[in-house]
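Okay, so here's the structure we're looking at.
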Amino acid sequence: MIKTISYLGLGTMGSGMASNLLKAGYELTVWNRSAEKCEPFTRKGARVAGTPADAVHDAELVMYSLSTDQAVEEVVFGTKGILRGIKEGQIAMDMSTVLPATSLRQQEAYAKHGVDFLDAPVFGSKKESADAKLWIMAAGNKAIFKKVKPVLEHLGQTVHYFGKNGNAAAMKLVGNLIVALEMEALAEGLVLAQKAGLDLNTVMEVLKVADFRSPLIASNGQNILKRNFSTSFALKLMLKDAGLIEKFAESLQSPVPGLRVAEKNLESAVALGFGKENASALIKALEKEAGVEVKARRVNE
């Protein structure tokens with residue numbers, strides 16, 4: 001049974017997961033590029049490490065969630081990276097959204113150190129991470145997956161095994177392709193409804209019950225009507241993921257024409273200065289083009 005864990009990367013997703021590991025009673029070491037994010041974990045009893053190499057000492061399981069493939073490159077392979085401190089018999093798990101090729105490169109490097117590796121990205125955003133309600137995918141050696149599954153069950157509502165390394169990373173990109181297209185469809189639909197003069201509250205009532213309903217459309221649509229773009233999943237990160245999806249799809253010669261439409265609007269919204277807002281701020285690029293603002297009417301209007 002795993003007792004000691006290191007968690008690296010305390011951003012929107014990592015901070016929620018690290019908090020839930022502490023709640024579950026694991027001995028936790030944390031590291032983050034900006035050290036101030038470690039302070040709340042120190043008060044809860046976690047050890048804070050100065051470098052990724054230092055963070056992994058004596059941990060049975062090393063987990064990390066980082067924003068980009070480049071960040072993974074630095075934290076894992078850098079001069080003070082995980083590979084400088086990790087030892088034979090430990091387990092490493094990358095929970096970031098990265099290319100499958102990045103996962104496979106990590107697996108190869110860890111294997112040279114006698115370390116088992118899983119790619120284990122997640123679906124969900126800030127709330128699901130904080131509430132331990134993520135949907136988790138994992139790929140790698142099945143015996144190692146079974147060993148870490150009890151840990152993952154403290155973080156998510158479901159855990160899915162995808163076989164060989166790289167497959168969970170691939171599934172994450174498949175899922176994020178669908179997310180990007182849903183967000184694009186929602187944005188286009190609400191702008192069209194606004195231009196048509198429809199009551200947007202009634203529009204949302206239909207979107208919540210019709211056979212094409214989804215939790216993502218319901219929650220993001222309602223927040224758009226309230227002009228609430230507080231960040232659960234940043235627009236700039238969705239744009240980053242769109243680039244990964246396009247690169248992955250091209251490597252397999254798999255067509256993604258709808259993604260290119262969404263990517264263009266994501267680029268426009270980031271260029272307008274909305275990159276740090278929620279991904280639903282994608283709609284702002286379409287609003288500018290249409291000359292409208294999608295907003296629910298007040299009751300007395």
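Convention: chains lettered A, B, ... in structure tokens order; per-chain residue numbering from 1; ligands numbered from 1 as shown.
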
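Look at Gly156 of chain A: the protein and nucleic acid residues within 7 Å of it, using only C-alpha atoms and passing over chain neighbours fewer than 2 places away, are Ala132, Lys133, Leu134, Trp135, Ile136, Leu152, Glu153, His154, Thr158 and Val159 of chain A.
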
Got a sec to tell me which of segment 59-216 of chain A DSSP assigns to alpha helix (DSSP H), as a PyMOL selection string? chain A and resi 69-77+100-112+126-130+142-152+167-195+200-209+215-216

Restrict the calculation to only C-alpha atoms, then for each residue of segment 168-194 of chain A with any atom at most 10 Å from an atom of segment 230-246 of chain A give the closest atom pair and their distance in Å to one decimal, rows by chain and rising residue number, as a tab-separated table.
residue	atom	partner	partner_atom	distance
A:Ala170	CA	A:Ile245	CA	8.9
A:Lys172	CA	A:Ile245	CA	9.4
A:Leu173	CA	A:Ile245	CA	5.6
A:Val174	CA	A:Ile245	CA	7.6
A:Gly175	CA	A:Ile245	CA	9.8
A:Asn176	CA	A:Asp241	CA	7.3
A:Leu177	CA	A:Ile245	CA	6.8
A:Val179	CA	A:Met238	CA	9.1
A:Ala180	CA	A:Met238	CA	7.3

Using only C-alpha atoms, which of A:Lys226, A:Ala269, A:Ser251, A:Val261 sits nearest Arg297 of chain A? A:Lys226

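Distances from A:Gly9, A:Pro40, A:Pro100, A:Gly197 to Val62 of chain A were compared using only C-alpha atoms, and the smallest one belongs to A:Gly9.
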
Determine, counting only C-alpha atoms, which protein, DNA and RNA residues have an atom within 12 Å of an atom of Lys208 of chain A; residues of the same chain fewer than 6 positions away are not included. Present the result as a count of residues only. 12

Between A:Gly163, A:Pro257, A:Pro52, A:Gly45, smallest distance to Tyr7 of chain A by only C-alpha atoms belongs to A:Pro52

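The coordinates place atom CA of Lys146 of chain A at 16.2 Å from atom CA of Ile5 of chain A.
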
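Closest to Ala120 of chain A among A:Thr79, A:Gln106, A:Ser268, A:Ser65 is A:Ser65, based on only C-alpha atoms.
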
Would you kindly return, as a PyMOL selection string, each protein, DNA or RNA residue with an atom no farther than 12 Å from any atom of Asn265 of chain A, considering only C-alpha atoms and excluding same-chain residues fewer than 4 positions away? chain A and resi 180-181+183-185+187-188+235-236+238-239+242+258-261+269-272+274-275+279-289

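Across A:Leu99, A:Ala49, A:Ala130, A:Val191, the tightest approach to Gln70 of chain A is made by A:Leu99 when counting only C-alpha atoms.
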
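Note that DSSP on the backbone gives strand (DSSP E or B) to these residues of segment 65-296 of chain A: Ile91, Ala92, Met93, Asp94, Asp116, Phe117, Leu118, Asp119, Val122, Phe123, Leu134, Trp135, Ile136, Met137, Ala138, Ala139, Gly156, Gln157, Thr158, Val159, His160, Tyr161, Ala234 and Asn278 of chain A.
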
Please provide as a ChimeraX atom specification all residues within 12 Å of Lys149 of chain A, with the sequence filter that same-chain residues fewer than 5 positions apart are discarded (counting only C-alpha atoms). /A:1-2,61,93,118,120,136-139,142-144,154-161

What does the file look like for those residues with all heavy atoms, as a compact mmCIF listing (two decimals), in the first residue's frame?
# COMPACT_ATOMS: atom_id res chain seq x y z
N MET A 1 0.83 -1.21 0.00
CA MET A 1 0.00 0.00 0.00
C MET A 1 0.87 1.25 0.00
O MET A 1 1.80 1.37 0.78
CB MET A 1 -0.91 0.01 1.23
CG MET A 1 -1.81 1.23 1.32
SD MET A 1 -2.77 1.30 2.83
CE MET A 1 -3.87 -0.08 2.59
N ILE A 2 0.57 2.17 -0.92
CA ILE A 2 1.34 3.40 -1.03
C ILE A 2 1.01 4.35 0.13
O ILE A 2 -0.16 4.57 0.45
CB ILE A 2 1.04 4.08 -2.38
CG1 ILE A 2 1.63 3.23 -3.52
CG2 ILE A 2 1.60 5.50 -2.43
CD1 ILE A 2 1.21 3.67 -4.90
N LEU A 61 5.40 7.20 -4.76
CA LEU A 61 4.68 7.61 -5.96
C LEU A 61 4.93 9.09 -6.22
O LEU A 61 4.74 9.92 -5.33
CB LEU A 61 3.18 7.36 -5.79
CG LEU A 61 2.24 7.86 -6.90
CD1 LEU A 61 2.56 7.20 -8.24
CD2 LEU A 61 0.78 7.60 -6.51
N MET A 93 3.97 9.31 -12.36
CA MET A 93 2.68 9.42 -13.03
C MET A 93 2.48 10.84 -13.53
O MET A 93 2.44 11.79 -12.74
CB MET A 93 1.55 9.04 -12.05
CG MET A 93 0.17 9.03 -12.69
SD MET A 93 -1.14 8.77 -11.47
CE MET A 93 -0.59 7.27 -10.68
N LEU A 118 3.25 5.80 -15.54
CA LEU A 118 1.89 5.81 -16.07
C LEU A 118 1.59 7.19 -16.61
O LEU A 118 1.95 8.20 -15.99
CB LEU A 118 0.87 5.48 -14.98
CG LEU A 118 0.95 4.11 -14.30
CD1 LEU A 118 -0.06 4.05 -13.16
CD2 LEU A 118 0.71 2.99 -15.28
N ALA A 120 -1.53 9.51 -16.93
CA ALA A 120 -2.83 9.48 -16.25
C ALA A 120 -3.51 10.83 -16.26
O ALA A 120 -3.75 11.44 -15.21
CB ALA A 120 -2.66 8.98 -14.81
N ILE A 136 -10.69 9.94 -14.49
CA ILE A 136 -9.26 9.70 -14.65
C ILE A 136 -9.00 8.55 -15.62
O ILE A 136 -9.68 7.52 -15.56
CB ILE A 136 -8.61 9.38 -13.28
CG1 ILE A 136 -8.88 10.53 -12.29
CG2 ILE A 136 -7.11 9.16 -13.44
CD1 ILE A 136 -8.44 10.25 -10.88
N MET A 137 -8.03 8.74 -16.50
CA MET A 137 -7.59 7.70 -17.41
C MET A 137 -6.14 7.36 -17.08
O MET A 137 -5.39 8.23 -16.65
CB MET A 137 -7.68 8.20 -18.86
CG MET A 137 -9.10 8.56 -19.28
SD MET A 137 -9.11 9.92 -20.46
CE MET A 137 -8.59 11.29 -19.44
N ALA A 138 -5.76 6.11 -17.28
CA ALA A 138 -4.38 5.72 -16.99
C ALA A 138 -3.92 4.68 -17.99
O ALA A 138 -4.70 3.85 -18.46
CB ALA A 138 -4.28 5.17 -15.56
N ALA A 139 -2.63 4.73 -18.31
CA ALA A 139 -2.04 3.77 -19.25
C ALA A 139 -0.63 3.42 -18.80
O ALA A 139 0.10 4.27 -18.31
CB ALA A 139 -2.04 4.34 -20.66
N LYS A 142 -0.07 -2.86 -16.24
CA LYS A 142 -1.34 -3.06 -15.54
C LYS A 142 -1.16 -3.34 -14.05
O LYS A 142 -1.97 -2.89 -13.22
CB LYS A 142 -2.14 -4.20 -16.19
CG LYS A 142 -3.59 -4.24 -15.70
CD LYS A 142 -4.46 -5.09 -16.59
CE LYS A 142 -5.94 -4.94 -16.22
NZ LYS A 142 -6.82 -5.72 -17.10
N ALA A 143 -0.10 -4.05 -13.70
CA ALA A 143 0.15 -4.32 -12.28
C ALA A 143 0.41 -3.02 -11.52
O ALA A 143 -0.04 -2.86 -10.38
CB ALA A 143 1.33 -5.28 -12.13
N ILE A 144 1.12 -2.09 -12.15
CA ILE A 144 1.39 -0.80 -11.52
C ILE A 144 0.10 0.01 -11.44
O ILE A 144 -0.16 0.69 -10.43
CB ILE A 144 2.47 -0.03 -12.29
CG1 ILE A 144 3.78 -0.83 -12.30
CG2 ILE A 144 2.69 1.35 -11.70
CD1 ILE A 144 4.32 -1.14 -10.91
N HIS A 154 -9.14 8.36 -4.69
CA HIS A 154 -9.32 9.49 -3.78
C HIS A 154 -9.42 10.82 -4.54
O HIS A 154 -9.71 11.85 -3.93
CB HIS A 154 -8.15 9.58 -2.79
CG HIS A 154 -8.16 8.51 -1.74
ND1 HIS A 154 -9.14 8.42 -0.77
CD2 HIS A 154 -7.31 7.47 -1.52
CE1 HIS A 154 -8.89 7.39 0.01
NE2 HIS A 154 -7.79 6.80 -0.41
N LEU A 155 -9.17 10.78 -5.85
CA LEU A 155 -9.16 12.00 -6.65
C LEU A 155 -10.30 12.08 -7.65
O LEU A 155 -10.66 13.18 -8.08
CB LEU A 155 -7.83 12.10 -7.42
CG LEU A 155 -6.55 12.01 -6.61
CD1 LEU A 155 -5.33 12.09 -7.53
CD2 LEU A 155 -6.50 13.09 -5.55
N GLY A 156 -10.86 10.94 -8.03
CA GLY A 156 -11.86 10.95 -9.09
C GLY A 156 -13.05 10.06 -8.82
O GLY A 156 -13.01 9.19 -7.95
N GLN A 157 -14.10 10.29 -9.58
CA GLN A 157 -15.31 9.47 -9.44
C GLN A 157 -15.24 8.22 -10.31
O GLN A 157 -15.92 7.23 -10.05
CB GLN A 157 -16.55 10.28 -9.76
CG GLN A 157 -16.56 10.98 -11.11
CD GLN A 157 -17.79 11.86 -11.27
OE1 GLN A 157 -18.92 11.38 -11.20
NE2 GLN A 157 -17.58 13.15 -11.48
N THR A 158 -14.42 8.24 -11.38
CA THR A 158 -14.19 7.04 -12.18
C THR A 158 -12.71 6.98 -12.57
O THR A 158 -12.05 8.02 -12.72
CB THR A 158 -15.05 7.00 -13.47
OG1 THR A 158 -14.69 8.08 -14.33
CG2 THR A 158 -16.53 7.06 -13.14
N VAL A 159 -12.21 5.76 -12.75
CA VAL A 159 -10.83 5.53 -13.18
C VAL A 159 -10.87 4.49 -14.30
O VAL A 159 -11.47 3.43 -14.14
CB VAL A 159 -9.95 5.02 -12.02
CG1 VAL A 159 -8.52 4.83 -12.50
CG2 VAL A 159 -10.00 5.98 -10.83
N HIS A 160 -10.24 4.80 -15.44
CA HIS A 160 -10.33 3.95 -16.62
C HIS A 160 -8.92 3.55 -17.07
O HIS A 160 -8.05 4.41 -17.23
CB HIS A 160 -11.04 4.69 -17.76
CG HIS A 160 -12.37 5.24 -17.36
ND1 HIS A 160 -13.55 4.54 -17.50
CD2 HIS A 160 -12.71 6.44 -16.80
CE1 HIS A 160 -14.55 5.27 -17.06
NE2 HIS A 160 -14.07 6.43 -16.63
N TYR A 161 -8.72 2.25 -17.33
CA TYR A 161 -7.42 1.75 -17.77
C TYR A 161 -7.41 1.61 -19.28
O TYR A 161 -8.30 0.98 -19.86
CB TYR A 161 -7.12 0.42 -17.10
CG TYR A 161 -5.82 -0.20 -17.54
CD1 TYR A 161 -4.60 0.42 -17.24
CD2 TYR A 161 -5.79 -1.39 -18.25
CE1 TYR A 161 -3.40 -0.13 -17.64
CE2 TYR A 161 -4.60 -1.96 -18.66
CZ TYR A 161 -3.40 -1.33 -18.35
OH TYR A 161 -2.21 -1.88 -18.76

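Using only C-alpha atoms, the nearest neighbour of Leu190 of chain A within the list A:Lys3, A:Asn165, A:Val98, A:Lys295 is A:Lys295.
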
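Pairwise distance (atom CA of Lys147 of chain A, atom CA of Glu74 of chain A) equals 27.3 Å.
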
Neighbour list for Asp94 of chain A as a ChimeraX atom specification, cut-off 6 Å, only C-alpha atoms, skip fewer than 2 positions in-chain: /A:64,96,119-120

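Relative to atom CA of Asp69 of chain A, atom CA of Ala24 of chain A is found at 29.1 Å.
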